[in-house]
$ cat work-v7.txt   # compact mmCIF, C-alpha atoms
# COMPACT_ATOMS: atom_id res chain seq x y z
CA MET A 284 228.13 -8.23 -35.47
CA LEU A 285 224.93 -9.93 -34.69
CA SER A 286 225.46 -9.22 -31.03
CA ARG A 287 226.16 -5.58 -31.80
CA LEU A 288 222.94 -5.47 -33.79
CA VAL A 289 221.11 -7.03 -30.90
CA LEU A 290 222.68 -4.66 -28.41
CA ARG A 291 222.02 -1.60 -30.54
CA ALA A 292 218.46 -2.62 -31.28
CA ALA A 293 217.75 -3.66 -27.72
CA PRO A 294 217.01 -0.19 -26.25
CA ALA A 295 214.73 0.68 -29.16
CA ALA A 296 212.97 -2.62 -28.82
CA LEU A 297 212.71 -2.23 -25.10
CA ARG A 298 211.21 1.20 -25.48
CA ALA A 299 208.75 -0.13 -28.00
CA LEU A 300 207.86 -3.04 -25.76
CA PRO A 301 205.73 -2.62 -22.71
CA PRO A 302 207.89 -1.81 -19.70
CA PRO A 303 209.80 -4.98 -18.77
CA PRO A 304 208.27 -6.64 -15.79
CA VAL A 305 211.27 -8.64 -14.60
CA ALA A 306 209.34 -9.87 -11.61
CA VAL A 307 207.45 -6.59 -11.52
CA GLY A 308 203.72 -6.74 -11.85
CA VAL A 309 203.14 -3.01 -11.72
CA LEU A 310 201.62 -2.40 -15.12
CA HIS A 311 198.23 -1.03 -14.24
CA ALA A 312 198.96 2.17 -16.15
CA THR A 313 199.41 0.39 -19.46
CA ARG A 314 196.69 -2.11 -18.85
CA GLN A 315 193.97 -2.10 -21.46
CA LEU A 316 190.50 -1.54 -20.25
CA HIS A 317 187.75 -3.77 -21.45
CA THR A 318 186.56 -2.59 -24.83
CA THR A 319 183.85 -5.19 -25.26
CA GLN A 320 180.25 -4.65 -24.39
CA GLN A 321 180.32 -6.60 -21.19
CA SER A 322 182.61 -4.56 -19.01
CA LEU A 323 182.85 -6.11 -15.62
CA ALA A 324 183.08 -3.77 -12.71
CA PRO A 325 184.95 -4.29 -10.47
CA LEU A 326 187.71 -5.57 -12.74
CA PRO A 327 188.91 -9.07 -11.98
CA PRO A 328 192.20 -9.18 -10.04
CA LEU A 329 195.46 -9.80 -11.87
CA PRO A 330 196.50 -13.43 -12.17
CA GLU A 331 199.16 -14.40 -9.66
CA LYS A 332 201.71 -15.98 -12.00
CA GLY A 333 202.20 -15.76 -15.74
CA GLY A 334 202.35 -18.62 -18.16
CA GLU A 335 205.01 -21.19 -17.36
CA VAL A 336 208.19 -20.88 -19.40
CA ARG A 337 210.92 -23.48 -19.30
CA HIS A 338 214.57 -22.39 -19.40
CA GLY A 339 213.26 -18.86 -19.84
CA LEU A 340 212.69 -19.41 -23.55
CA ILE A 341 210.14 -22.11 -24.36
CA PRO A 342 206.58 -22.06 -23.10
CA GLU A 343 205.47 -25.05 -21.12
CA GLU A 344 202.61 -25.68 -23.55
CA PHE A 345 205.11 -26.94 -26.13
CA PHE A 346 206.35 -29.63 -23.78
CA GLN A 347 202.80 -30.61 -22.91
CA PHE A 348 201.93 -30.71 -26.61
CA LEU A 349 204.68 -33.22 -27.34
CA TYR A 350 204.34 -35.23 -24.13
CA PRO A 351 201.68 -37.77 -25.29
CA LYS A 352 203.67 -38.82 -28.33
CA THR A 353 207.28 -38.55 -27.20
CA GLY A 354 207.27 -38.43 -23.41
CA VAL A 355 209.55 -36.25 -21.36
CA THR A 356 212.68 -36.27 -23.54
CA GLY A 357 210.85 -35.55 -26.77
CA PRO A 358 211.30 -31.80 -26.95
CA TYR A 359 214.94 -32.07 -25.91
CA MET A 360 215.67 -34.57 -28.65
CA LEU A 361 213.87 -32.30 -31.07
CA GLY A 362 215.99 -29.42 -29.90
CA THR A 363 219.22 -31.36 -30.20
CA GLY A 364 218.31 -32.55 -33.66
CA LEU A 365 217.44 -29.07 -34.78
CA VAL A 366 220.71 -27.66 -33.44
CA LEU A 367 222.76 -30.34 -35.17
CA TYR A 368 220.91 -29.79 -38.40
CA LEU A 369 221.42 -26.04 -38.27
CA LEU A 370 225.10 -26.45 -37.51
CA SER A 371 225.84 -29.14 -40.05
CA LYS A 372 224.06 -27.40 -42.89
CA GLU A 373 225.60 -24.12 -41.73
CA ILE A 374 222.26 -22.46 -41.57
CA TYR A 375 223.69 -21.16 -38.33
CA VAL A 376 227.22 -20.02 -39.13
CA VAL A 377 229.82 -20.16 -36.38
CA ASN A 378 231.88 -17.00 -36.56
CA HIS A 379 233.18 -14.32 -34.21
CA GLU A 380 229.62 -13.39 -33.32
CA THR A 381 229.05 -16.81 -31.83
CA VAL A 382 231.88 -16.25 -29.36
CA ALA A 383 230.54 -12.82 -28.47
CA ALA A 384 227.04 -14.24 -28.07
CA ALA A 385 228.32 -16.99 -25.81
CA CYS A 386 230.10 -14.50 -23.53
CA ILE A 387 227.12 -12.18 -23.36
CA LEU A 388 224.72 -15.01 -22.68
CA THR A 389 226.93 -16.31 -19.89
CA VAL A 390 227.00 -12.94 -18.22
CA ILE A 391 223.28 -12.42 -18.62
CA ILE A 392 222.40 -15.84 -17.26
CA TYR A 393 224.71 -15.40 -14.30
CA ALA A 394 223.24 -11.97 -13.53
CA VAL A 395 219.67 -13.23 -13.75
CA LYS A 396 220.37 -16.23 -11.59
CA ARG A 397 222.22 -14.22 -9.00
CA PHE A 398 220.16 -11.02 -8.77
CA GLY A 399 216.78 -12.23 -9.95
CA PRO A 400 215.22 -13.00 -6.55
CA ASP A 401 216.47 -9.74 -5.04
CA VAL A 402 214.99 -7.67 -7.83
CA ALA A 403 211.77 -9.65 -7.55
CA ALA A 404 211.57 -9.01 -3.81
CA PHE A 405 212.22 -5.30 -4.31
CA ALA A 406 209.57 -4.98 -6.97
CA ASP A 407 207.11 -6.90 -4.84
CA LYS A 408 207.81 -4.55 -1.97
CA LEU A 409 207.04 -1.56 -4.18
CA ASN A 410 203.83 -3.19 -5.24
CA GLU A 411 202.92 -3.93 -1.63
CA GLU A 412 203.46 -0.32 -0.67
CA LYS A 413 201.19 0.88 -3.44
CA LEU A 414 198.52 -1.60 -2.47
CA ALA A 415 198.89 -0.68 1.20
CA LYS A 416 198.42 2.99 0.40
CA ALA A 417 195.31 2.32 -1.64
CA LEU A 418 193.96 0.04 1.06
CA ALA A 419 194.70 2.65 3.71
CA VAL A 420 192.78 5.24 1.77
CA LYS A 421 189.88 2.86 1.39
CA ASN A 422 189.89 1.92 5.07
CA GLU A 423 190.09 5.51 6.11
CA ALA A 424 187.14 6.35 3.93
CA ILE A 425 185.18 3.45 5.39
CA GLU A 426 186.05 4.45 8.94
CA SER A 427 185.12 8.06 8.42
CA LEU A 428 181.84 7.01 6.90
CA GLN A 429 181.12 4.73 9.83
CA ALA A 430 181.90 7.51 12.25
CA ALA A 431 179.48 9.68 10.29
CA ILE A 432 176.87 6.94 10.62
CA GLU A 433 177.38 6.84 14.39
CA GLU A 434 177.03 10.59 14.59
CA GLU A 435 173.86 10.43 12.54
CA LYS A 436 172.38 7.79 14.83
CA LYS A 437 173.22 9.91 17.84
CA GLU A 438 171.50 12.86 16.27
CA GLN A 439 168.46 10.75 15.63
CA TRP A 440 168.46 9.68 19.26
CA ARG A 441 168.72 13.30 20.27
CA VAL A 442 165.71 14.16 18.18
CA GLU A 443 163.63 11.86 20.36
CA GLY A 444 164.34 14.07 23.33
CA ARG A 445 162.85 17.01 21.52
CA SER A 446 159.47 16.57 23.21
CA TYR A 447 161.06 16.85 26.66
CA LEU A 448 162.80 20.01 25.58
CA PHE A 449 159.59 21.59 24.43
CA ASP A 450 157.76 20.54 27.58
CA ALA A 451 160.40 22.23 29.68
CA LYS A 452 160.18 25.34 27.57
CA ARG A 453 156.43 25.35 27.81
CA ASN A 454 156.69 25.03 31.58
CA ASN A 455 159.09 27.93 31.66
CA VAL A 456 156.78 30.12 29.68
CA ALA A 457 153.79 29.19 31.82
CA MET A 458 155.73 30.01 34.93
CA LEU A 459 156.73 33.37 33.53
CA LEU A 460 153.16 34.17 32.66
CA GLU A 461 152.00 33.11 36.11
CA ALA A 462 154.68 35.19 37.76
CA SER A 463 153.84 38.31 35.82
CA TYR A 464 150.13 37.77 36.47
CA ARG A 465 150.71 37.53 40.17
CA GLU A 466 152.94 40.54 40.10
CA ARG A 467 150.28 42.59 38.46
CA LEU A 468 147.69 41.27 40.86
CA MET A 469 149.85 42.43 43.73
CA MET A 470 150.26 45.81 42.17
CA VAL A 471 146.53 46.20 41.76
CA TYR A 472 145.98 45.19 45.37
CA ASN A 473 148.55 47.67 46.58
CA GLU A 474 147.12 50.53 44.58
CA VAL A 475 143.60 49.84 45.70
CA LYS A 476 144.74 49.60 49.33
CA LYS A 477 146.55 52.90 49.02
CA ARG A 478 143.47 54.62 47.75
CA LEU A 479 141.26 53.09 50.39
CA ASP A 480 143.76 54.04 53.11
CA TYR A 481 143.69 57.54 51.82
CA GLN A 482 139.97 57.68 52.09
CA VAL A 483 140.07 56.27 55.62
CA ALA A 484 142.75 58.72 56.65
CA MET A 485 140.72 61.55 55.22
CA GLN A 486 137.68 60.57 57.20
CA ALA A 487 139.66 60.13 60.38
CA LEU A 488 141.28 63.48 59.90
CA LYS A 489 138.00 65.13 59.24
CA ARG A 490 136.44 63.61 62.38
CA GLN A 491 139.41 64.62 64.49
CA LYS A 492 139.30 68.10 63.20
CA GLU A 493 135.61 68.30 63.91
CA GLN A 494 136.20 66.93 67.36
CA ASP A 495 138.98 69.35 68.15
CA HIS A 496 137.10 72.22 66.82
CA MET A 497 134.04 71.33 68.82
CA ILE A 498 136.04 70.93 72.03
CA GLN A 499 137.74 74.20 71.49
CA TRP A 500 134.45 75.88 70.81
CA VAL A 501 132.89 74.37 73.86
CA GLU A 502 135.82 75.39 76.04
CA LYS A 503 135.84 78.83 74.66
CA ASN A 504 132.14 79.24 75.29
CA VAL A 505 132.41 77.84 78.78
CA VAL A 506 135.29 80.12 79.63
CA GLN A 507 133.37 83.01 78.22
CA SER A 508 130.34 82.11 80.20
CA ILE A 509 132.29 82.02 83.42
CA THR A 510 131.57 85.62 84.71
CA PRO A 511 133.87 87.17 87.23
CA GLN A 512 131.11 86.76 89.88
CA GLN A 513 130.96 83.06 89.37
CA GLN A 514 134.73 82.89 89.49
CA LYS A 515 134.89 84.43 92.98
CA GLU A 516 132.17 82.19 94.24
CA SER A 517 133.83 79.10 92.94
CA ILE A 518 137.19 80.07 94.45
CA ALA A 519 135.58 80.70 97.92
CA LYS A 520 133.84 77.32 97.67
CA CYS A 521 137.08 75.60 96.83
CA ILE A 522 138.83 77.18 99.81
CA LEU A 523 136.08 76.01 102.13
CA ASP A 524 136.30 72.49 100.66
CA LEU A 525 140.02 72.50 101.12
CA LYS A 526 139.72 73.55 104.80
CA ALA A 527 137.24 70.82 105.40
CA LEU A 528 139.49 68.33 103.73
CA SER A 529 142.51 69.47 105.71
CA LYS A 530 140.55 69.10 108.93
CA GLY A 531 139.64 65.66 107.91
CA ALA A 532 143.25 64.86 107.04
CA HIS A 533 144.55 66.22 110.34
CA ALA A 534 142.06 63.99 112.11
CA THR A 535 143.15 60.84 110.45
CA VAL A 536 146.88 61.47 110.90
CA LEU B 150 177.63 -32.41 -28.18
CA PRO B 151 179.79 -29.87 -30.01
CA ALA B 152 177.95 -27.26 -31.99
CA THR B 153 178.83 -27.23 -35.68
CA VAL B 154 181.00 -24.16 -36.09
CA LEU B 155 181.49 -22.43 -39.38
CA LEU B 156 184.86 -22.98 -40.99
CA LYS B 157 185.87 -19.38 -40.78
CA ASP B 158 185.14 -19.14 -37.10
CA MET B 159 187.20 -22.15 -36.08
CA LYS B 160 190.52 -21.70 -34.36
CA LEU B 161 193.69 -22.62 -36.18
CA MET B 162 194.47 -25.63 -34.01
CA ASP B 163 191.06 -27.16 -34.76
CA VAL B 164 191.33 -26.83 -38.52
CA LYS B 165 192.13 -30.09 -40.26
CA LEU B 166 195.13 -30.15 -42.59
CA GLY B 167 193.06 -30.52 -45.72
CA GLN B 168 190.88 -27.58 -44.86
CA LEU B 169 193.86 -25.29 -44.32
CA PRO B 170 193.90 -23.53 -47.70
CA SER B 171 190.17 -22.80 -47.61
CA TRP B 172 190.49 -21.63 -44.00
CA LEU B 173 193.31 -19.30 -44.92
CA ALA B 174 191.32 -17.93 -47.84
CA MET B 175 188.45 -17.09 -45.54
CA ARG B 176 190.55 -15.02 -43.13
CA ASP B 177 190.18 -11.27 -43.02
CA PHE B 178 193.08 -9.74 -44.92
CA THR B 179 191.89 -6.17 -44.99
CA PRO B 180 194.22 -3.69 -43.26
CA GLY B 181 191.73 -3.38 -40.44
CA GLY B 182 191.62 -7.13 -40.14
CA ILE B 183 195.39 -7.44 -40.07
CA VAL B 184 195.71 -4.74 -37.44
CA GLY B 185 192.99 -6.47 -35.45
CA ALA B 186 194.82 -9.76 -35.68
CA ILE B 187 198.09 -8.19 -34.53
CA ARG B 188 196.30 -6.49 -31.65
CA ARG B 189 194.66 -9.72 -30.59
CA GLY B 190 197.97 -11.55 -30.66
CA TYR B 191 199.64 -8.79 -28.67
CA ASP B 192 196.84 -8.82 -26.12
CA ARG B 193 197.03 -12.56 -25.71
CA TYR B 194 200.79 -12.51 -25.16
CA TYR B 195 200.63 -9.47 -22.90
CA ASN B 196 197.88 -10.77 -20.70
CA LYS B 197 199.45 -14.17 -20.38
CA TYR B 198 203.08 -13.34 -19.65
CA ILE B 199 203.42 -9.71 -18.66
CA ASN B 200 200.23 -8.42 -17.06
CA VAL B 201 200.51 -10.60 -13.96
CA ARG B 202 201.43 -10.03 -10.35
CA LYS B 203 204.64 -12.01 -10.32
CA GLY B 204 206.00 -12.01 -13.86
CA GLY B 205 209.15 -13.89 -14.67
CA ILE B 206 212.07 -13.56 -17.01
CA GLY B 207 210.20 -15.54 -19.66
CA GLY B 208 208.01 -12.60 -20.55
CA ILE B 209 210.67 -10.45 -22.17
CA SER B 210 213.27 -13.13 -22.83
CA MET B 211 210.95 -14.82 -25.31
CA VAL B 212 210.42 -11.54 -27.16
CA LEU B 213 214.15 -10.85 -27.19
CA ALA B 214 214.92 -14.36 -28.39
CA GLY B 215 212.36 -13.95 -31.16
CA TYR B 216 213.97 -10.64 -32.08
CA VAL B 217 217.41 -12.23 -32.20
CA VAL B 218 216.14 -14.98 -34.48
CA ILE B 219 214.41 -12.54 -36.82
CA SER B 220 217.43 -10.30 -37.06
CA TYR B 221 219.63 -13.33 -37.81
CA ILE B 222 217.25 -14.32 -40.58
CA TRP B 223 217.30 -10.81 -42.05
CA SER B 224 221.08 -10.66 -42.05
CA TYR B 225 221.63 -14.23 -43.29
CA SER B 226 222.60 -13.02 -46.76
CA HIS B 227 225.57 -11.29 -45.09
CA ILE B 228 226.50 -14.13 -42.80
CA LYS B 229 226.44 -16.62 -45.66
CA HIS B 230 229.90 -15.44 -46.63
CA ASP B 231 231.38 -16.52 -43.27
CA ARG B 232 230.61 -20.19 -43.92
CA ARG B 233 233.52 -22.55 -43.48
CA ARG B 234 232.55 -25.06 -46.15
CA LYS B 235 231.22 -24.45 -49.53
CA TYR B 236 229.25 -27.67 -49.95
CA HIS B 237 227.08 -29.14 -47.22
$ encode --input "work-v7.txt" --output "structure tokens"
Amino acid sequence: MLSRLVLRAAPAALRALPPPPVAVGVLHATRQLHTTQQSLAPLPPLPEKGGEVRHGLIPEEFFQFLYPKTGVTGPYMLGTGLVLYLLSKEIYVVNHETVAAACILTVIIYAVKRFGPDVAAFADKLNEEKLAKALAVKNEAIESLQAAIEEEKKEQWRVEGRSYLFDAKRNNVAMLLEASYRERLMMVYNEVKKRLDYQVAMQALKRQKEQDHMIQWVEKNVVQSITPQQQKESIAKCILDLKALSKGAHATV
Amino acid sequence: LPATVLLKDMKLMDVKLGQLPSWLAMRDFTPGGIVGAIRRGYDRYYNKYINVRKGGIGGISMVLAGYVVISYIWSYSHIKHDRRRKYH
């Protein structure tokens, strides 16, 4: 009956208790934050192992408490004496529940001894994975921040080259200005030359026209002044000259 | 040298046997005080045996053993009738 009570009450008790940690240390969700004034940040890490418990039932402090007076066997003698007292005075009554309790305890102890380490390893692995994920996040954040720092430094280095950039731009602009100035200069020169050429051509034309006109006029007057009388005379003279010349030519040949 | 602590601030293990009644009388028995005491005890047990990286079986087994003992005590008036001898 007692065992049935225990078994029936166990789930309720377990639910009321904090989640059982059978070698599981994953209780950060239920962990109480510091409520005192001095809250340390960052929180101190969890202790590695809990308080020592001997035979799974009695804290080690009890054995240490009795050690100076009674040595190593003290607590065990105390335990034996207590058990005998309880049995002989029938403060602990041996009935059917005792048998049931013995069977259940055997099974429980066997299960814990056999599967304890495996469960512990599994729980530790879960814990490791959680820690690894958190660490990965942290490392990633750190790496990205460092990359950002590198980028920033590069940008700062680039800023130093700003003066060169502006010098080049200034040179460009100066060259453009120079080029357009020279272009316009050329244009001015060409225009002026065109106008001057025009003036020169005009003068030349005018002189030529005057010259032609004068020659024509002179020719016309000369031709007019040649009377028919003069024409005959000149023709006779030419014929005489030609005869003389031909005589001379015949002589030489 | 140890500072002289007031009686009511001393821990239980440091109280001498003769001072025990006066020490008990000085404790805080208001509901708030009792709740505070329970909370402190719970915190001590929790932080020592359960809130660790590699807890062991001792953490819950002690609580379960205590529960078994208390439930036996509460049902002793029933179990009395299963005794084998009348006079001890």
$ atom_distance --input "work-v7.txt" --atom1 "CA of Lys229 in chain B" --atom2 "CA of Glu373 in chain A"
8.5 Å
$ interface_residues --input "work-v7.txt" --of "chain B" --to "chain A" --cutoff "8 Å" --atoms "all atoms listed in the file" --output "list in words"
Lys197, Tyr198, Ile199, Asn200, Val201, Arg202, Lys203, Gly204, Gly205, Ile206, Gly207, Gly208, Ile209, Ser210, Met211, Ala214, Val217, Ser220, Tyr221, Ile228, Lys229, Asp231, Arg232 and His237 of chain B
$ atom_distance --input "work-v7.txt" --atom1 "CA of Ile522 in chain A" --atom2 "CA of Gln507 in chain A"
23.0 Å
$ atom_distance --input "work-v7.txt" --atom1 "CA of Lys476 in chain A" --atom2 "CA of Ala457 in chain A"
28.4 Å
$ axis_aligned_box --input "work-v7.txt" --around "range 333-339 of chain A" --padding-each-side "5 Å" --output "lines of an AutoDock Vina configuration file"
center_x = 208.4
center_y = -19.6
center_z = -17.8
size_x = 22.4
size_y = 17.7
size_z = 14.1
